[in-house]
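Okay, structure first, notes after.
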Protein chains: 2
Amino acid sequence: MRLVVARCSVQYSGRLDATLPEAVRLIMVKADGCVAIHSDGGAYKPLNWMTAPNTVVEIEGQWIVTNPKGETLTINLHEVFTDSAHEFGEDPGLQKDGVEAHLQELLAALPETIENGLTLIRREWPTPIGPVDLMCVDTEGNYVAVEIKRRGEIDGVEQLARYLELLQPDSNLKGLRGIFVAQVIKPQAKKMAEQRGIAWAEVDYEDLRGRRPEELRLF
Amino acid sequence: MRLVVARCSVQYSGRLDATLPEAVRLIMVKADGCVAIHSDGGAYKPLNWMTAPNTVVEIEGQWIVTNPKGETLTINLHEVFTDSAHEFGEDPGLQKDGVEAHLQELLAALPETIENGLTLIRREWPTPIGPVDLMCVDTEGNYVAVEIKRRGEIDGVEQLARYLELLQPDSNLKGLRGIFVAQVIKPQAKKMAEQRGIAWAEVDYEDLRGRRPEELRLF
DNA sequence: TGGTGGATTTCGATC
DNA sequence: GATCGAAGTCCACCA
């Protein structure tokens, strides 16, 4: 990785056109050729960048980075403060826990968390436009399609409504209705669900982890 | 900005739990307290990070970064190769051109690009769930609701369908129909539009820029 | 290889 | 401050 701290101005032309006036910034060049220009604030996102694969041409205080799609990033270096390179080696990468797949796994094991007496029929129940997360039956023997999101927003409700629309004509699915499940559901999403006759439930991930059966606790 | 190159292992606990095994990485600390951990590859996104506001406590080769929401990032430094700090000063920020707002502006000025003989009634035509981008009339005097996206995907068609559903009952909008407009429209979005009786049109941004009236060319 | 959906999304505008 | 929508989104998965 090469790290350059310099007073520079930058232009990008590609999916849009953008310019950065002259200022002091960090230019980061990764081993795969990625170039990122960071200011000393904001979140992790650089002000400007170019992802691999690309080519860097360096002439007289000017870097021209191009990629096969015809995008270009031009960096004009007005004053270089530091310029250093470092060997990193392979990175083993990040291990994650707590994303939507896990939430689905936990809820499949404990459908009662969603609604009392709910029983799982199968995960990833197929429809023409994609699978429903969980298909269950309730205590009355009625079918319940469950859509799971980490965050409950309006488009998740839309998605479930579309599934229901497609599945309702199937007379095998007696009394089919929907439940929208997420860790947190936004007010507007709750409202839309109610308008469409869809129930919703908020579930607690940590609570679920604590309650899941032993065999699931080992991943 | 402080830049540390070190062999380190990292743990994050907050919205999810994640760990990074020991390896050489760049740790970037910005003036506002943001911490980001980069490997020497991948795109601009760091492997792990913590956004401001937060607090960094540094003891004996261990950094503990916490934020008010109770998230924590723990960095164990096993071997420090470089550790440097730099003054950047304020950044004037990025200037952009070519985003959706401009596209709407250009199409409002040249609705004929969308369909021959189309005339603009107004931009941001209100509905209970948000404004329609453009309301126009065609050569027959029928109303046309236009939804504009930079990229035409399925949810944009959904959005326009929702608007139309809400606006159809309004008898003032004689013969109301919809057109979905984007620079590029995905096949599935085209199909969905056609199924719902919504027309679609692909427009070229550069071409529009060239054709727009003089007064608009000055921004 | 292209499409689709998730993200510790980030970011900005608007209410 | 909350919410909503766009992003040069990036990214992984899957057809």
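Labels used: A, B, ... for chains in the order of the structure tokens, numbers from 1 for residues in each chain, and numbers from 1 for ligands as shown.
Set the cut-off at 12 Å, count only C-alpha atoms (C1' of nucleotides), and the residues of chain D near chain A turn out to be DA2, DT3, DC4, DG5, DA7, DG8, DT9, DC10, DC14 and DA15 of chain D.
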With C-alpha atoms (C1' of nucleotides) retained, write the just-selected residues as a PDB file, in the first residue's frame.
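Final file, selection.pdb:
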```
ATOM      1  C1'  DA D   2     -36.278  11.436  12.439  1.00  0.00           C
ATOM      2  C1'  DT D   3     -37.244   9.935   7.960  1.00  0.00           C
ATOM      3  C1'  DC D   4     -36.776   9.050   3.235  1.00  0.00           C
ATOM      4  C1'  DG D   5     -34.475   8.430  -1.079  1.00  0.00           C
ATOM      5  C1'  DA D   7     -25.479   6.646  -4.487  1.00  0.00           C
ATOM      6  C1'  DG D   8     -19.802   6.891  -9.274  1.00  0.00           C
ATOM      7  C1'  DT D   9     -23.272   3.232  -3.988  1.00  0.00           C
ATOM      8  C1'  DC D  10     -20.181  -1.629  -2.914  1.00  0.00           C
ATOM      9  C1'  DC D  14     -27.190 -16.910  -7.788  1.00  0.00           C
ATOM     10  C1'  DA D  15     -29.073 -17.785 -12.384  1.00  0.00           C
TER      11       DA D  15
END
```
Taking only C-alpha atoms (C1' of nucleotides) into account, find every residue of chain C that has an atom no more than 10 Å from chain B, and write it out as a list in words.
DG3, DT4 and DT8 of chain C
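Secondary structure from DSSP on the backbone puts helix (DSSP H, G or I) at the following positions of range 20-147 of chain B: Glu100, Ala101, His102, Leu103, Gln104, Glu105, Leu106, Leu107, Ala108, Ala109, Pro111, Glu112 and Thr113 of chain B.
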Would you give me, as a ChimeraX atom specification, the residues of chain B that come within 9 Å of chain A, using only C-alpha atoms?
/B:1,5-7,15-26,29-36,39-52,81,86-99,155,158
Give me the residues within 9 Å of Leu110 in chain A as number ranges by chain, counting only C-alpha atoms (C1' of nucleotides) and dropping any in the same chain fewer than 2 places off.
A: 105-108, 112-114, 118-120, 208, 211-213
Exercise: Pro111 in chain B partners within 12 Å, only C-alpha atoms (C1' of nucleotides), chain neighbours under 5 positions left out, as a VMD selection string
chain B and resid 103 to 106 116 to 123 133 to 138 144 to 146 148 179 181 201 203 208 211 to 212
As a count of residues only, please: every residue in range 52-134 of chain A that DSSP puts in strand (DSSP E).
37
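If you look at CA of Asn172 in chain A and CA of Gly156 in chain A, they are 24.8 Å away from each other.
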Please measure the separation of CA of Ile198 in chain B and CA of Phe180 in chain B, giving the value in Å to one decimal.
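Calculated distance between CA of Ile198 in chain B and CA of Phe180 in chain B is 7.0 Å.
Checking A:Leu160, A:Val132, A:Val56, A:Leu167 one by one against Trp200 in chain A, counting only C-alpha atoms, you find the shortest gap at A:Leu160.
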